[in-house]
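Student: Have a look at the structure that comes next, please.
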Amino acid sequence: MAVMRILRVTVVVVAATLCLPAAAWAHATLLRTVPADGSVLSSAPQRVTFVFDDSVRATSGIKAVRNDGGSVLGGKPRTVGKTLVVPLRRGIGDGDYTVLWRIISNDGHTEAGVISFAVGSGQAPPTASLTATNGPSAGNVFFRWLFFAGLLVASGGAVFRLLLRRGDARVLFPAFLLMVVGGAGLLGHHGTLSTRFGLAYGIATIIAAVGATLAGIAFADVRAEPFAWAAALLVLPAPSFAGHALDAGVSHVQVVADILHVAGAAVWTGGLVQLALVLRTEPDRRGLIRRFSTLALASVAVIAVTGGVRALTELRSVDQLWTTGYGRLLIAKTALLAVLVLIGWINRYRIIPSGRTGALRRTVPVELVLLAGLVVAVAILTDARPGRDVPRAAAAPATTGQPPLPARDAIVLAREDRNNALTLAAEPTQTTVTVFNGEGLGVNGLAVTIAGALTSSCGPGCYRTETHPRGRVPVVVAGRRLVFTVPTSAPDGTALLARAGRTFRALRSVSYVERLASSTTDRIVSTFTLEAPNRVEYHILGGASAIVIGDRRWDKTNGRWIPSSQSPLPQPIPIWGSNETNAHVLSSTRNRVVISFLEPSVPAWFTVRFDRRALHPLTVEMTATAHFMHHTYTAFNAPRRIFPPRK
């Protein structure tokens with residue numbers, strides 16, 4: 001009875017975890033780089049910056065090379081929240097360069113890519129000399145297989161014990177041991193507990209280690225056995241909390257479906273192991289076999305329904321079943337499952353009614369071998385990127401290359417237009433609008449008017465009219481109307497902007513709220529505090545928090561602060577860079593001055609409102625590829641408030 005009471009309590013605990021709100025964790029998608037991929041720079045950068053849409057951690061394998069040979073990596077790459085910074089050596093000189101980036105996303109995926117840039121006026125656009133590989137490694141798949149095999153045997157055995165009141169606890173020790181080895185191997189591969197993946201597998205590995213200890217004690221003292229069974233149930237939700245079900249933009253119902261999917265697989269797998277042991281010692285257990293057959297049938301139904309629900313969220317269209325690696329893995333998994341269902345049908349409707357338990361002893365090992373192969377497919381599948389995350393093919397209107405940058409004397413303004421960025425360049429004799437999508441490509445074939453005047457094409461995503469309206473200038477793009485305010489007179493603001501940058505760097509401290517969007521549906525709000533000389537604190541609403549002080553960093557996960565090392569980050573540093581062009585004063589009053597400018601290496605369009613006397617930024621608007629940002633600044637030179645977290 002003690003076994004049943006403890007298992008029932010554990011079931012309640014596991015069920016309660018299903019009611020917890022799902023946080024907005026996700027695959028990290030690269031939004032922009034500084035310098036931009038394929039850009040040609042007049043002077044060498046000191047670093048390459050990669051901005052993602054979610055928190056990331058740097059991992060091994062990051063490279064920065066000169067295309068004709070030799071590394072130009074200038075130090076240890078570092079991450080701050082959503083940004084990866086790869087330092088370069090000083091004075092790398094003219095030439096073509098390639099940077100290979102590698103990060104770990106919050107759901108445990110290792111992601112990689114390359115960008116190239118050239119240094120030197122008149123250089124041709126460069127071609128990358130390195131290649132990046134994405135996808136599961138053999139070691140990662142092996143350790144996932146060990147972990148899943150142990151989990152399915154242990155958790156399924158616990159459900160078998162709970163529902164059928166039979167169970168051989170001897171399987172728990174090796175099952176937990178598989179989980180410990182697999183979990184430790186995965187954590188060793190990913191090297192961090194600060195991601196959702198690392199935290200989920202870290203907790204599960206600890207529970208498995210405790211379970212293995214209890215299972216070992218149970219060999220000598222049977223009173224430890226109920227607690228070992230309970231530990232087997234507690235690890236059941238771990239893969240769902242670590243995997244795709246909690247990705248951003250996915251319904252929170254999906255985590256319930258995923259846990260039920262894993263539970264169905266566990267009941268089938270662990271139950272078969274238990275049944276095989278029973279058949280070896282007690283061949284004539286037809287009543288137990290019938291009850292397990294009913295339980296297995298129910299688990300197959302759960303697997304089929306929840307698998308279909310999960311596939312609908314992981315794939316964007318039916319053709320991704322055969323056009324993506326993830327879809328092909330789903331087909332392989334489904335094929336193995338179909339064979340297992342066929343064997344189960346034969347067992348239930350042919351062998352069991354005939355009473356030929358000897359034949360059943362021959363089919364059960366075959367099922368276990370096929371299930372082992374199914375777990376291999378699952379191990380690869382959980383490390384693969386879902387079809388919904390595969391970039392969409394360009395759709396009409398057609399997209400081609402990158403839009404041209406404006407002339408150096410143009411007044412530049414920019415706005416978000418749904419998921420596209422729309423910029424306006426006002427020159428003395430003409431006005432140009434450019435439209436580029438979330439991949440930085442110009443969107444062609446749009447009907448565009450500027451202040452009622454028709455436009456003609458001037459390049460990828462480029463629309464121009466030989467007029468120069470001022471004041472409120474309406475721009476209509478494919479039927480959507482946006483209004484820009486273009487001043488009649490816009491003095492050069494280069495010197496004023498440089499002074500504002502120096503003033504910002506001289507601050508003791510400053511805080512700001514950031515609203516960041518990559519599309520009309522993907523938006524996050526964060527608060528940042530910067531303190532001289534190297535202190536940063538940020539909090540993402542509904543997400544992660546971190547504190548960086550010198551070479552130490554703390555990330556807050558599930559209410560706990562996790563320490564790690566960190567390269568010092570000089571602060572305060574303004575969000576804009578140091579290579580701005582097209583700086584113009586849009587308006588000026590006794591208290592406020594508004595400046596717009598372009599950071600061409602990204603490219604990014606800025607409009608900043610400054611306090612006129614102190615030259616402190618009050619608000620910043622930035623528009624770039626899939627990166628629409630608004631900052632509101634406060635607390636200039638406030639007393640220090642960034643300190644190490646309390647234990």
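In the structure tokens, each chain is lettered A, B, ... as it comes, each chain's residues begin at 1, and ligands are numbered from 1 in order of appearance.
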Show which residues sit within 7 Å of region 584-601 of chain A, as a ChimeraX atom specification. Count only C-alpha atoms, and ignore same-chain residues fewer than 2 positions away.
Tutor: /A:34-36,39,411-413,487,490-493,579-582,603-613
Student: Those residues with N, CA and C atoms, as a compact mmCIF listing (two decimals), in the first residue's frame please?
Tutor:
# COMPACT_ATOMS: atom_id res chain seq x y z
N VAL A 34 26.65 43.25 -37.24
CA VAL A 34 27.42 44.48 -37.46
C VAL A 34 28.90 44.10 -37.49
N PRO A 35 29.55 44.18 -38.67
CA PRO A 35 29.03 44.65 -39.96
C PRO A 35 28.09 43.64 -40.61
N ALA A 36 27.35 44.13 -41.60
CA ALA A 36 26.41 43.25 -42.29
C ALA A 36 27.16 42.26 -43.18
N SER A 39 29.20 43.14 -46.58
CA SER A 39 29.45 44.58 -46.64
C SER A 39 30.92 44.87 -46.93
N ILE A 411 18.28 63.39 -46.17
CA ILE A 411 17.64 63.27 -44.86
C ILE A 411 17.01 61.89 -44.81
N VAL A 412 17.32 61.12 -43.78
CA VAL A 412 16.87 59.72 -43.74
C VAL A 412 15.87 59.52 -42.60
N LEU A 413 14.81 58.81 -42.91
CA LEU A 413 13.78 58.45 -41.95
C LEU A 413 13.38 57.00 -42.20
N PRO A 487 11.51 67.86 -42.61
CA PRO A 487 11.64 69.31 -42.38
C PRO A 487 12.09 70.04 -43.65
N ALA A 490 17.12 71.07 -42.59
CA ALA A 490 17.66 70.06 -41.67
C ALA A 490 19.17 70.23 -41.60
N PRO A 491 19.67 71.05 -40.66
CA PRO A 491 21.12 71.28 -40.55
C PRO A 491 21.89 70.01 -40.29
N ASP A 492 23.16 70.03 -40.64
CA ASP A 492 24.03 68.88 -40.39
C ASP A 492 24.13 68.63 -38.89
N GLY A 493 23.97 67.38 -38.48
CA GLY A 493 24.00 67.04 -37.06
C GLY A 493 25.16 66.17 -36.66
N ASN A 579 30.21 55.15 -36.80
CA ASN A 579 30.42 55.37 -38.24
C ASN A 579 29.16 55.92 -38.90
N GLU A 580 28.42 56.78 -38.16
CA GLU A 580 27.14 57.25 -38.67
C GLU A 580 27.31 58.19 -39.87
N THR A 581 26.33 58.15 -40.74
CA THR A 581 26.27 59.09 -41.87
C THR A 581 24.87 59.73 -41.87
N ASN A 582 24.69 60.70 -42.73
CA ASN A 582 23.36 61.31 -42.94
C ASN A 582 22.76 61.89 -41.66
N PRO A 603 22.65 47.71 -42.34
CA PRO A 603 22.38 49.13 -42.07
C PRO A 603 21.21 49.28 -41.10
N ALA A 604 21.24 50.42 -40.34
CA ALA A 604 20.18 50.71 -39.39
C ALA A 604 19.89 52.21 -39.42
N TRP A 605 18.60 52.54 -39.39
CA TRP A 605 18.15 53.93 -39.43
C TRP A 605 17.74 54.36 -38.02
N PHE A 606 18.25 55.49 -37.55
CA PHE A 606 17.98 55.97 -36.19
C PHE A 606 17.28 57.32 -36.21
N THR A 607 16.41 57.52 -35.24
CA THR A 607 15.90 58.84 -34.89
C THR A 607 16.00 58.96 -33.38
N VAL A 608 16.78 59.97 -32.90
CA VAL A 608 17.05 60.09 -31.47
C VAL A 608 16.58 61.46 -30.99
N ARG A 609 15.87 61.49 -29.88
CA ARG A 609 15.44 62.74 -29.25
C ARG A 609 16.33 62.98 -28.03
N PHE A 610 17.08 64.10 -28.04
CA PHE A 610 18.02 64.42 -26.98
C PHE A 610 17.51 65.57 -26.12
N ASP A 611 17.90 65.55 -24.84
CA ASP A 611 17.80 66.75 -24.01
C ASP A 611 18.83 67.75 -24.53
N ARG A 612 18.39 68.94 -24.90
CA ARG A 612 19.28 69.86 -25.60
C ARG A 612 20.46 70.30 -24.75
N ARG A 613 20.23 70.59 -23.47
CA ARG A 613 21.30 71.12 -22.65
C ARG A 613 22.29 70.03 -22.22
Student: Select from region 508-596 of chain A every residue with an atom at most 9 Å from any atom of region 632-638 of chain A, then for each give the shortest pair of atoms and their distance in Å to one decimal, using only C-alpha atoms, rows by chain and rising number, as JSON lines.
Tutor:
{"residue": "A:Arg508", "atom": "CA", "partner": "A:Asn637", "partner_atom": "CA", "distance": 4.9}
{"residue": "A:Ser509", "atom": "CA", "partner": "A:Asn637", "partner_atom": "CA", "distance": 4.6}
{"residue": "A:Val510", "atom": "CA", "partner": "A:Phe636", "partner_atom": "CA", "distance": 4.6}
{"residue": "A:Ser511", "atom": "CA", "partner": "A:Thr634", "partner_atom": "CA", "distance": 5.3}
{"residue": "A:Tyr512", "atom": "CA", "partner": "A:Tyr633", "partner_atom": "CA", "distance": 4.2}
{"residue": "A:Val513", "atom": "CA", "partner": "A:Thr632", "partner_atom": "CA", "distance": 5.3}
{"residue": "A:Glu514", "atom": "CA", "partner": "A:Thr632", "partner_atom": "CA", "distance": 6.9}
{"residue": "A:Arg515", "atom": "CA", "partner": "A:Thr632", "partner_atom": "CA", "distance": 8.9}
{"residue": "A:Thr529", "atom": "CA", "partner": "A:Ala635", "partner_atom": "CA", "distance": 9.0}
{"residue": "A:Glu531", "atom": "CA", "partner": "A:Asn637", "partner_atom": "CA", "distance": 8.5}
Student: Could you give me the residues within region 84-285 of chain A that DSSP places in alpha helix (DSSP H), as a ChimeraX atom specification?
Tutor: /A:138-164,172-190,196-218,225-234,238-242,253-281
Student: Taking 4 positions as the minimum chain separation for residues in the same chain, which residues sit within 8 Å of region 624-630 of chain A when counting only C-alpha atoms? Answer as a list in words.
Tutor: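 My list of contacting residues is Leu31, Arg32, Glu416, Asn419, Asn420, Ala421, Phe436, Asn437, Gly438, Glu439, Gly440, Glu514, Arg515, Leu516, Ala517, Ser518, Ser519, Val602, Pro603, Ala604, Trp605, Thr619 and Val620 of chain A.
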Student: Mind the document's chain letters and residue numbers, and return as a PyMOL selection string the residues of region 66-176 of chain A that DSSP labels strand (DSSP E or B).
Tutor: chain A and resi 66+71+73+78-80+83-88+95-104+110-119
Student: Produce a file of the selected residues containing C-alpha atoms, as an mmCIF file, in the first residue's frame.
Tutor:
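Full text of part-v1.cif as output:
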data_model
loop_
_atom_site.group_PDB
_atom_site.id
_atom_site.type_symbol
_atom_site.label_atom_id
_atom_site.label_comp_id
_atom_site.auth_asym_id
_atom_site.auth_seq_id
_atom_site.Cartn_x
_atom_site.Cartn_y
_atom_site.Cartn_z
ATOM 1 C CA ARG A 66 41.407 36.419 -43.196
ATOM 2 C CA SER A 71 43.152 33.863 -37.717
ATOM 3 C CA LEU A 73 40.244 36.454 -33.588
ATOM 4 C CA ARG A 78 31.217 36.736 -25.288
ATOM 5 C CA THR A 79 27.455 37.008 -25.043
ATOM 6 C CA VAL A 80 25.231 39.533 -23.324
ATOM 7 C CA THR A 83 23.998 39.560 -28.459
ATOM 8 C CA LEU A 84 27.153 37.643 -29.397
ATOM 9 C CA VAL A 85 30.335 39.722 -29.680
ATOM 10 C CA VAL A 86 33.355 38.303 -31.534
ATOM 11 C CA PRO A 87 36.428 40.527 -30.921
ATOM 12 C CA LEU A 88 38.922 41.030 -33.755
ATOM 13 C CA GLY A 95 41.236 42.396 -47.316
ATOM 14 C CA ASP A 96 38.371 39.898 -47.163
ATOM 15 C CA TYR A 97 37.344 38.293 -43.858
ATOM 16 C CA THR A 98 35.007 35.527 -42.718
ATOM 17 C CA VAL A 99 33.526 34.949 -39.252
ATOM 18 C CA LEU A 100 32.042 31.597 -38.224
ATOM 19 C CA TRP A 101 29.636 32.012 -35.284
ATOM 20 C CA ARG A 102 28.339 29.261 -33.026
ATOM 21 C CA ILE A 103 25.837 29.633 -30.181
ATOM 22 C CA ILE A 104 23.632 27.521 -27.940
ATOM 23 C CA THR A 110 23.732 24.391 -31.230
ATOM 24 C CA GLU A 111 23.406 26.817 -34.132
ATOM 25 C CA ALA A 112 26.081 28.118 -36.485
ATOM 26 C CA GLY A 113 26.523 30.356 -39.499
ATOM 27 C CA VAL A 114 29.055 32.462 -41.383
ATOM 28 C CA ILE A 115 29.277 36.046 -42.552
ATOM 29 C CA SER A 116 31.923 37.751 -44.659
ATOM 30 C CA PHE A 117 32.985 41.375 -45.022
ATOM 31 C CA ALA A 118 35.692 43.302 -46.815
ATOM 32 C CA VAL A 119 37.886 46.175 -45.631
#
